[in-house]
Amino acid sequence: MKHRKHLFVAAAVCAFACAPTAEAVTTLFFNSSQTTNLVSTNATSDTISSEGYLFTYTRDKLFTGGTTNPPGRYVRIFWPAGLEAQYVTTTTNKAQITVRRMDGAVFDLTAFTAKLLANAGAGRAIEIVPLLNGQEPLNDPLFFDVSGNYGMEFSYDTSPNYLGTTAALTNYDAYVINLTLDYALMSLTVVDASIPPPILAMSQVNVGLLEISWPVDAIDYTLESATNLPATVWNPVTNTVVINGDRCTVQMESSGSQMMYRLRK
């Protein structure tokens with residue numbers, strides 16, 4: 001019996017401890033290998049997808065130029081050279097680019113380069129508003145100085161800089177990038193802030209009773225079991241989950257049979 005219990009524990013540990021670890025992924029836009037798909041379009045903006053991200057950008061399609069048939073304004077920066085946003089002359093909207101992940105997960109915006117497509121003069125700044133679940137957690141936008149003239153480029157990253165820094169743009173699910181005149185993003189660095197998957201731990205409480213635990217941060221995961229690997233069926237473990245400090249714990253009787261466990265979200 002002791003021998004069978006030993007096999008049970010070893011097999012279970014291998015099943016969840018040998019799982020691959022997720023790592024943060026850095027994506028640098030824009031380059032020729034990155035293709036786009038049109039997701040939606042309307043009178044003042046378009047949304048495209050690329051590399052798992054969504055970009056919604058304003059376009060002044062209702063610009064008339066003194067004619068009765070709005071031709072819209074021409075585009076100067078085309079993907080993959082960059083992404084242009086236009087001030088919409090028929091409304092009070094700023095030139096705006098909103099970046100978010102297709103899966104809705106949080107990510108970091110660590111660096112960008114913006115190009116002026118109009119004369120900004122002195123004291124003009126890009127405003128970046130981070131969002132989380134549709135809300136604005138910060139009281140004010142983050143400002144990035146772009147005082148200058150048409151064609152000038154401005155680059156910012158996480159380095160300390162009184163003109164602007166991206167150091168605070170972490171763990172939000174969307175970033176709204178505004179400017180009160182036409183501009184284009186010429187480069188953009190985003191980091192998928194994925195965290196490693198939780199690791200299960202197992203201990204023997206007493207003879208015939210085992211405890212499986214995992215970090216409480218992963219309370220929204222479901223514990224599942226299978227009798228062998230590879231498993232065609234994983235069954236939810238119905239034993240009660242108890243929060244013990246910073247751990248989620250489940251206790252169960254040891255049947256003496258080999259079992260495999262995993263967490264699924």
# chains A, B, ... in the order shown; residues from 1 in each chain; ligands from 1
>>> residues_around(residues="Asn37 in chain A", least_positions_apart="5", cutoff="12 Å", atoms="only C-alpha atoms", output="MDAnalysis selection string")
chainID A and resid 46:56 79
>>> write_last_selection(atoms="C-alpha atoms", output="short mmCIF file (atom, residue, chain, number, x, y, z; two decimals), in the first residue's frame")
data_model
loop_
_atom_site.label_atom_id
_atom_site.label_comp_id
_atom_site.auth_asym_id
_atom_site.auth_seq_id
_atom_site.Cartn_x
_atom_site.Cartn_y
_atom_site.Cartn_z
CA ASP A 46 -11.16 52.15 -38.51
CA THR A 47 -10.09 49.15 -36.42
CA ILE A 48 -7.47 46.67 -37.57
CA SER A 49 -5.83 43.67 -35.94
CA SER A 50 -2.20 42.57 -36.03
CA GLU A 51 -0.05 40.23 -33.92
CA GLY A 52 -2.87 39.70 -31.41
CA TYR A 53 -3.51 43.43 -30.90
CA LEU A 54 -6.32 45.75 -32.01
CA PHE A 55 -5.70 49.29 -33.24
CA THR A 56 -8.57 51.76 -33.53
CA TRP A 79 1.15 50.39 -42.60
#
>>> select_by_dssp(residues="range 10-243 of chain A", states="alpha helix (DSSP H)", output="list in words")
Ala10, Ala11, Ala12, Val13, Cys14, Ala15, Phe16 and Ala17 of chain A
>>> write_last_selection(atoms="N, CA and C atoms", output="PDB file, in the first residue's frame")
ATOM      1  N   ALA A  10       4.129  10.838  -6.833  1.00  0.00           N
ATOM      2  CA  ALA A  10       5.143  11.156  -7.841  1.00  0.00           C
ATOM      3  C   ALA A  10       4.507  11.451  -9.186  1.00  0.00           C
ATOM      4  N   ALA A  11       3.548  10.655  -9.578  1.00  0.00           N
ATOM      5  CA  ALA A  11       2.896  10.874 -10.864  1.00  0.00           C
ATOM      6  C   ALA A  11       2.131  12.174 -10.870  1.00  0.00           C
ATOM      7  N   ALA A  12       1.464  12.497  -9.784  1.00  0.00           N
ATOM      8  CA  ALA A  12       0.709  13.740  -9.726  1.00  0.00           C
ATOM      9  C   ALA A  12       1.627  14.947  -9.797  1.00  0.00           C
ATOM     10  N   VAL A  13       2.726  14.907  -9.059  1.00  0.00           N
ATOM     11  CA  VAL A  13       3.664  16.024  -9.081  1.00  0.00           C
ATOM     12  C   VAL A  13       4.204  16.235 -10.485  1.00  0.00           C
ATOM     13  N   CYS A  14       4.565  15.170 -11.172  1.00  0.00           N
ATOM     14  CA  CYS A  14       5.097  15.291 -12.521  1.00  0.00           C
ATOM     15  C   CYS A  14       4.055  15.886 -13.453  1.00  0.00           C
ATOM     16  N   ALA A  15       2.798  15.545 -13.273  1.00  0.00           N
ATOM     17  CA  ALA A  15       1.754  16.004 -14.168  1.00  0.00           C
ATOM     18  C   ALA A  15       1.605  17.513 -14.128  1.00  0.00           C
ATOM     19  N   PHE A  16       1.732  18.130 -12.963  1.00  0.00           N
ATOM     20  CA  PHE A  16       1.551  19.576 -12.942  1.00  0.00           C
ATOM     21  C   PHE A  16       2.852  20.359 -12.821  1.00  0.00           C
ATOM     22  N   ALA A  17       3.917  19.761 -12.335  1.00  0.00           N
ATOM     23  CA  ALA A  17       5.164  20.513 -12.184  1.00  0.00           C
ATOM     24  C   ALA A  17       5.960  20.574 -13.475  1.00  0.00           C
TER      25      ALA A  17
END
>>> residues_around(residues="range 237-244 of chain A", least_positions_apart="2", cutoff="10 Å", atoms="only C-alpha atoms", output="ChimeraX atom specification")
/A:212-216,219,222-226,234-235,246-252,261-262
>>> closest_atom_pairs(of="range 156-215 of chain A", to="range 119-131 of chain A", cutoff="9 Å", atoms="only C-alpha atoms", output="JSON lines")
{"residue": "A:Leu169", "atom": "CA", "partner": "A:Pro130", "partner_atom": "CA", "distance": 7.0}
{"residue": "A:Thr170", "atom": "CA", "partner": "A:Pro130", "partner_atom": "CA", "distance": 8.7}
{"residue": "A:Tyr172", "atom": "CA", "partner": "A:Leu131", "partner_atom": "CA", "distance": 5.8}
{"residue": "A:Asp173", "atom": "CA", "partner": "A:Leu131", "partner_atom": "CA", "distance": 6.1}
{"residue": "A:Ala174", "atom": "CA", "partner": "A:Leu131", "partner_atom": "CA", "distance": 5.0}
{"residue": "A:Tyr175", "atom": "CA", "partner": "A:Pro130", "partner_atom": "CA", "distance": 4.5}
{"residue": "A:Val176", "atom": "CA", "partner": "A:Val129", "partner_atom": "CA", "distance": 5.0}
{"residue": "A:Ile177", "atom": "CA", "partner": "A:Ile128", "partner_atom": "CA", "distance": 4.5}
{"residue": "A:Asn178", "atom": "CA", "partner": "A:Glu127", "partner_atom": "CA", "distance": 5.1}
{"residue": "A:Leu179", "atom": "CA", "partner": "A:Ile126", "partner_atom": "CA", "distance": 4.9}
{"residue": "A:Thr180", "atom": "CA", "partner": "A:Ile126", "partner_atom": "CA", "distance": 8.1}
{"residue": "A:Leu181", "atom": "CA", "partner": "A:Ala120", "partner_atom": "CA", "distance": 7.5}
>>> select_by_dssp(residues="range 93-198 of chain A", states="strand (DSSP E or B)", output="PyMOL selection string")
chain A and resi 95-101+107-116+121+125-132+135+142-145+148+153-156+172+174-179+183-192
>>> residues_around(residues="Gln86 in chain A", least_positions_apart="4", cutoff="9 Å", atoms="only C-alpha atoms", output="ChimeraX atom specification")
/A:57-60,73,75,94-96,117,181-184
>>> residues_around(residues="Thr110 in chain A", least_positions_apart="4", cutoff="7 Å", atoms="only C-alpha atoms", output="mmCIF file with N, CA, C and O atoms, in the first residue's frame")
data_model
loop_
_atom_site.group_PDB
_atom_site.id
_atom_site.type_symbol
_atom_site.label_atom_id
_atom_site.label_comp_id
_atom_site.auth_asym_id
_atom_site.auth_seq_id
_atom_site.Cartn_x
_atom_site.Cartn_y
_atom_site.Cartn_z
ATOM 1 N N ASP A 157 10.371 56.272 -23.794
ATOM 2 C CA ASP A 157 10.401 54.925 -23.247
ATOM 3 C C ASP A 157 10.298 55.018 -21.724
ATOM 4 O O ASP A 157 9.844 56.032 -21.191
ATOM 5 N N THR A 158 10.728 53.973 -21.033
ATOM 6 C CA THR A 158 10.583 53.932 -19.574
ATOM 7 C C THR A 158 11.645 54.736 -18.827
ATOM 8 O O THR A 158 11.596 54.834 -17.604
ATOM 9 N N THR A 166 7.166 56.361 -20.132
ATOM 10 C CA THR A 166 6.139 55.316 -20.195
ATOM 11 C C THR A 166 6.186 54.375 -18.996
ATOM 12 O O THR A 166 5.490 53.360 -18.973
ATOM 13 N N ALA A 167 7.012 54.687 -18.004
ATOM 14 C CA ALA A 167 7.235 53.767 -16.887
ATOM 15 C C ALA A 167 5.939 53.367 -16.183
ATOM 16 O O ALA A 167 5.824 52.253 -15.655
ATOM 17 N N LEU A 169 2.977 53.010 -17.598
ATOM 18 C CA LEU A 169 2.006 52.387 -18.505
ATOM 19 C C LEU A 169 2.130 50.868 -18.451
ATOM 20 O O LEU A 169 2.537 50.204 -19.407
ATOM 21 N N THR A 189 6.237 49.711 -28.841
ATOM 22 C CA THR A 189 6.671 48.496 -28.164
ATOM 23 C C THR A 189 5.672 48.160 -27.063
ATOM 24 O O THR A 189 5.406 48.990 -26.186
ATOM 25 N N VAL A 190 5.117 46.963 -27.141
ATOM 26 C CA VAL A 190 4.160 46.509 -26.140
ATOM 27 C C VAL A 190 4.637 45.177 -25.577
ATOM 28 O O VAL A 190 5.280 44.385 -26.273
#
>>> closest_residue(among="A:Asn133, A:Asn139, A:Ser257, A:Thr113", to="Phe30 in chain A", atoms="only C-alpha atoms")
A:Thr113
>>> residues_around(residues="Leu185 in chain A", least_positions_apart="3", cutoff="7 Å", atoms="only C-alpha atoms", output="PyMOL selection string")
chain A and resi 82-84+113-115+188
>>> write_last_selection(atoms="N, CA, C and O atoms", output="PDB file, in the first residue's frame")
ATOM      1  N   GLY A  82       3.997  52.805 -40.450  1.00  0.00           N
ATOM      2  CA  GLY A  82       3.486  53.362 -39.203  1.00  0.00           C
ATOM      3  C   GLY A  82       1.977  53.327 -39.224  1.00  0.00           C
ATOM      4  O   GLY A  82       1.367  52.660 -40.073  1.00  0.00           O
ATOM      5  N   LEU A  83       1.358  54.055 -38.326  1.00  0.00           N
ATOM      6  CA  LEU A  83      -0.093  54.098 -38.241  1.00  0.00           C
ATOM      7  C   LEU A  83      -0.519  55.544 -38.006  1.00  0.00           C
ATOM      8  O   LEU A  83      -0.157  56.154 -36.998  1.00  0.00           O
ATOM      9  N   GLU A  84      -1.286  56.091 -38.952  1.00  0.00           N
ATOM     10  CA  GLU A  84      -1.675  57.498 -38.907  1.00  0.00           C
ATOM     11  C   GLU A  84      -3.025  57.684 -38.225  1.00  0.00           C
ATOM     12  O   GLU A  84      -3.965  56.910 -38.439  1.00  0.00           O
ATOM     13  N   THR A 113       7.382  55.905 -30.761  1.00  0.00           N
ATOM     14  CA  THR A 113       7.859  57.063 -31.511  1.00  0.00           C
ATOM     15  C   THR A 113       6.685  57.629 -32.290  1.00  0.00           C
ATOM     16  O   THR A 113       5.987  56.886 -32.996  1.00  0.00           O
ATOM     17  N   ALA A 114       6.447  58.938 -32.137  1.00  0.00           N
ATOM     18  CA  ALA A 114       5.347  59.598 -32.831  1.00  0.00           C
ATOM     19  C   ALA A 114       5.903  60.646 -33.789  1.00  0.00           C
ATOM     20  O   ALA A 114       6.890  61.328 -33.482  1.00  0.00           O
ATOM     21  N   LYS A 115       5.246  60.778 -34.945  1.00  0.00           N
ATOM     22  CA  LYS A 115       5.649  61.756 -35.958  1.00  0.00           C
ATOM     23  C   LYS A 115       4.545  62.778 -36.135  1.00  0.00           C
ATOM     24  O   LYS A 115       3.373  62.427 -36.314  1.00  0.00           O
ATOM     25  N   LEU A 188       6.109  51.252 -31.919  1.00  0.00           N
ATOM     26  CA  LEU A 188       5.360  51.015 -30.686  1.00  0.00           C
ATOM     27  C   LEU A 188       5.828  49.687 -30.104  1.00  0.00           C
ATOM     28  O   LEU A 188       5.828  48.668 -30.801  1.00  0.00           O
TER      29      LEU A 188
END
>>> residues_around(residues="Leu210 in chain A", least_positions_apart="5", cutoff="10 Å", atoms="only C-alpha atoms", output="number ranges by chain")
A: 9, 202-205, 250-255
>>> atom_distance(atom1="CA of Leu109 in chain A", atom2="CA of Thr27 in chain A")
9.9 Å
>>> atom_distance(atom1="CA of Asp103 in chain A", atom2="CA of Asp220 in chain A")
17.1 Å
>>> atom_distance(atom1="CA of Tyr156 in chain A", atom2="CA of Thr36 in chain A")
24.8 Å
>>> decode(residues="range 25-72 of chain A", atoms="N, CA and C atoms", output="mmCIF file, in the first residue's frame")
data_model
loop_
_atom_site.group_PDB
_atom_site.id
_atom_site.type_symbol
_atom_site.label_atom_id
_atom_site.label_comp_id
_atom_site.auth_asym_id
_atom_site.auth_seq_id
_atom_site.Cartn_x
_atom_site.Cartn_y
_atom_site.Cartn_z
ATOM 1 N N VAL A 25 5.844 38.384 -23.579
ATOM 2 C CA VAL A 25 6.221 38.490 -24.985
ATOM 3 C C VAL A 25 6.253 39.962 -25.373
ATOM 4 N N THR A 26 7.388 40.407 -25.912
ATOM 5 C CA THR A 26 7.536 41.790 -26.366
ATOM 6 C C THR A 26 7.298 41.853 -27.869
ATOM 7 N N THR A 27 6.445 42.786 -28.303
ATOM 8 C CA THR A 27 6.155 42.979 -29.724
ATOM 9 C C THR A 27 6.520 44.400 -30.115
ATOM 10 N N LEU A 28 7.316 44.522 -31.162
ATOM 11 C CA LEU A 28 7.716 45.825 -31.676
ATOM 12 C C LEU A 28 7.002 46.069 -33.004
ATOM 13 N N PHE A 29 6.115 47.039 -33.015
ATOM 14 C CA PHE A 29 5.481 47.485 -34.260
ATOM 15 C C PHE A 29 6.269 48.683 -34.793
ATOM 16 N N PHE A 30 6.492 48.864 -36.052
ATOM 17 C CA PHE A 30 5.809 48.290 -37.194
ATOM 18 C C PHE A 30 6.887 47.744 -38.119
ATOM 19 N N ASN A 31 6.634 46.593 -38.759
ATOM 20 C CA ASN A 31 7.568 46.079 -39.746
ATOM 21 C C ASN A 31 6.812 45.308 -40.812
ATOM 22 N N SER A 32 7.491 45.037 -41.914
ATOM 23 C CA SER A 32 6.848 44.481 -43.102
ATOM 24 C C SER A 32 6.323 43.067 -42.909
ATOM 25 N N SER A 33 6.798 42.371 -41.878
ATOM 26 C CA SER A 33 6.326 41.006 -41.646
ATOM 27 C C SER A 33 4.986 40.972 -40.916
ATOM 28 N N GLN A 34 4.543 42.127 -40.409
ATOM 29 C CA GLN A 34 3.298 42.191 -39.642
ATOM 30 C C GLN A 34 2.136 42.572 -40.556
ATOM 31 N N THR A 35 1.258 41.620 -40.800
ATOM 32 C CA THR A 35 0.096 41.865 -41.642
ATOM 33 C C THR A 35 -1.064 42.374 -40.790
ATOM 34 N N THR A 36 -2.056 42.958 -41.449
ATOM 35 C CA THR A 36 -3.217 43.488 -40.745
ATOM 36 C C THR A 36 -4.500 42.930 -41.328
ATOM 37 N N ASN A 37 -5.540 42.913 -40.503
ATOM 38 C CA ASN A 37 -6.884 42.560 -40.937
ATOM 39 C C ASN A 37 -7.843 43.652 -40.501
ATOM 40 N N LEU A 38 -8.723 44.081 -41.410
ATOM 41 C CA LEU A 38 -9.711 45.089 -41.069
ATOM 42 C C LEU A 38 -10.801 44.447 -40.229
ATOM 43 N N VAL A 39 -11.015 44.988 -39.027
ATOM 44 C CA VAL A 39 -12.009 44.448 -38.100
ATOM 45 C C VAL A 39 -13.330 45.195 -38.213
ATOM 46 N N SER A 40 -13.262 46.531 -38.261
ATOM 47 C CA SER A 40 -14.480 47.333 -38.391
ATOM 48 C C SER A 40 -14.122 48.691 -38.963
ATOM 49 N N THR A 41 -15.144 49.376 -39.489
ATOM 50 C CA THR A 41 -14.937 50.699 -40.061
ATOM 51 C C THR A 41 -16.199 51.516 -39.896
ATOM 52 N N ASN A 42 -16.043 52.837 -39.696
ATOM 53 C CA ASN A 42 -17.196 53.734 -39.675
ATOM 54 C C ASN A 42 -16.775 55.087 -40.230
ATOM 55 N N ALA A 43 -17.601 56.101 -40.053
ATOM 56 C CA ALA A 43 -17.376 57.385 -40.710
ATOM 57 C C ALA A 43 -16.163 58.127 -40.175
ATOM 58 N N THR A 44 -15.710 57.798 -38.963
ATOM 59 C CA THR A 44 -14.613 58.580 -38.372
ATOM 60 C C THR A 44 -13.453 57.730 -37.867
ATOM 61 N N SER A 45 -13.534 56.408 -38.003
ATOM 62 C CA SER A 45 -12.436 55.581 -37.506
ATOM 63 C C SER A 45 -12.441 54.216 -38.170
ATOM 64 N N ASP A 46 -11.304 53.537 -38.071
ATOM 65 C CA ASP A 46 -11.159 52.149 -38.507
ATOM 66 C C ASP A 46 -10.511 51.362 -37.385
ATOM 67 N N THR A 47 -10.758 50.057 -37.362
ATOM 68 C CA THR A 47 -10.093 49.154 -36.421
ATOM 69 C C THR A 47 -9.464 48.010 -37.200
ATOM 70 N N ILE A 48 -8.181 47.764 -36.935
ATOM 71 C CA ILE A 48 -7.474 46.668 -37.568
ATOM 72 C C ILE A 48 -6.862 45.781 -36.481
ATOM 73 N N SER A 49 -6.502 44.574 -36.868
ATOM 74 C CA SER A 49 -5.826 43.667 -35.944
ATOM 75 C C SER A 49 -4.483 43.260 -36.529
ATOM 76 N N SER A 50 -3.514 43.040 -35.622
ATOM 77 C CA SER A 50 -2.198 42.567 -36.032
ATOM 78 C C SER A 50 -1.474 42.013 -34.818
ATOM 79 N N GLU A 51 -0.877 40.833 -34.964
ATOM 80 C CA GLU A 51 -0.048 40.232 -33.917
ATOM 81 C C GLU A 51 -0.788 40.106 -32.582
ATOM 82 N N GLY A 52 -2.098 39.870 -32.636
ATOM 83 C CA GLY A 52 -2.872 39.698 -31.410
ATOM 84 C C GLY A 52 -3.327 40.990 -30.768
ATOM 85 N N TYR A 53 -3.111 42.125 -31.428
ATOM 86 C CA TYR A 53 -3.513 43.435 -30.903
ATOM 87 C C TYR A 53 -4.524 44.093 -31.839
ATOM 88 N N LEU A 54 -5.358 44.958 -31.256
ATOM 89 C CA LEU A 54 -6.325 45.747 -32.007
ATOM 90 C C LEU A 54 -5.917 47.215 -31.968
ATOM 91 N N PHE A 55 -5.999 47.864 -33.126
ATOM 92 C CA PHE A 55 -5.698 49.288 -33.242
ATOM 93 C C PHE A 55 -6.925 49.997 -33.805
ATOM 94 N N THR A 56 -7.475 50.925 -33.042
ATOM 95 C CA THR A 56 -8.568 51.763 -33.527
ATOM 96 C C THR A 56 -8.026 53.174 -33.693
ATOM 97 N N TYR A 57 -8.135 53.716 -34.897
ATOM 98 C CA TYR A 57 -7.527 55.007 -35.202
ATOM 99 C C TYR A 57 -8.527 55.889 -35.950
ATOM 100 N N THR A 58 -8.467 57.194 -35.660
ATOM 101 C CA THR A 58 -9.395 58.131 -36.268
ATOM 102 C C THR A 58 -8.944 58.505 -37.673
ATOM 103 N N ARG A 59 -9.941 58.676 -38.555
ATOM 104 C CA ARG A 59 -9.725 59.134 -39.920
ATOM 105 C C ARG A 59 -10.786 60.184 -40.259
ATOM 106 N N ASP A 60 -10.359 61.271 -40.874
ATOM 107 C CA ASP A 60 -11.250 62.382 -41.178
ATOM 108 C C ASP A 60 -11.956 62.138 -42.514
ATOM 109 N N LYS A 61 -12.821 61.122 -42.536
ATOM 110 C CA LYS A 61 -13.468 60.710 -43.778
ATOM 111 C C LYS A 61 -14.565 61.667 -44.224
ATOM 112 N N LEU A 62 -15.052 62.523 -43.315
ATOM 113 C CA LEU A 62 -16.146 63.436 -43.643
ATOM 114 C C LEU A 62 -15.657 64.820 -44.079
ATOM 115 N N PHE A 63 -14.347 64.968 -44.196
ATOM 116 C CA PHE A 63 -13.782 66.240 -44.654
ATOM 117 C C PHE A 63 -14.284 66.545 -46.065
ATOM 118 N N THR A 64 -14.805 67.771 -46.268
ATOM 119 C CA THR A 64 -15.394 68.126 -47.565
ATOM 120 C C THR A 64 -14.429 68.862 -48.468
ATOM 121 N N GLY A 65 -13.532 69.667 -47.881
ATOM 122 C CA GLY A 65 -12.634 70.455 -48.717
ATOM 123 C C GLY A 65 -13.364 71.468 -49.564
ATOM 124 N N GLY A 66 -14.547 71.898 -49.108
ATOM 125 C CA GLY A 66 -15.331 72.897 -49.833
ATOM 126 C C GLY A 66 -16.236 72.314 -50.896
ATOM 127 N N THR A 67 -16.299 70.982 -50.988
ATOM 128 C CA THR A 67 -17.175 70.346 -51.971
ATOM 129 C C THR A 67 -18.407 69.791 -51.270
ATOM 130 N N THR A 68 -19.384 69.355 -52.032
ATOM 131 C CA THR A 68 -20.605 68.777 -51.459
ATOM 132 C C THR A 68 -20.469 67.286 -51.210
ATOM 133 N N ASN A 69 -19.460 66.675 -51.799
ATOM 134 C CA ASN A 69 -19.242 65.243 -51.630
ATOM 135 C C ASN A 69 -17.981 65.034 -50.804
ATOM 136 N N PRO A 70 -18.122 64.634 -49.526
ATOM 137 C CA PRO A 70 -16.933 64.519 -48.664
ATOM 138 C C PRO A 70 -15.926 63.499 -49.200
ATOM 139 N N PRO A 71 -14.753 63.947 -49.628
ATOM 140 C CA PRO A 71 -13.757 62.986 -50.118
ATOM 141 C C PRO A 71 -12.903 62.400 -49.008
ATOM 142 N N GLY A 72 -12.936 63.061 -47.828
ATOM 143 C CA GLY A 72 -12.019 62.647 -46.775
ATOM 144 C C GLY A 72 -10.619 63.159 -47.058
#
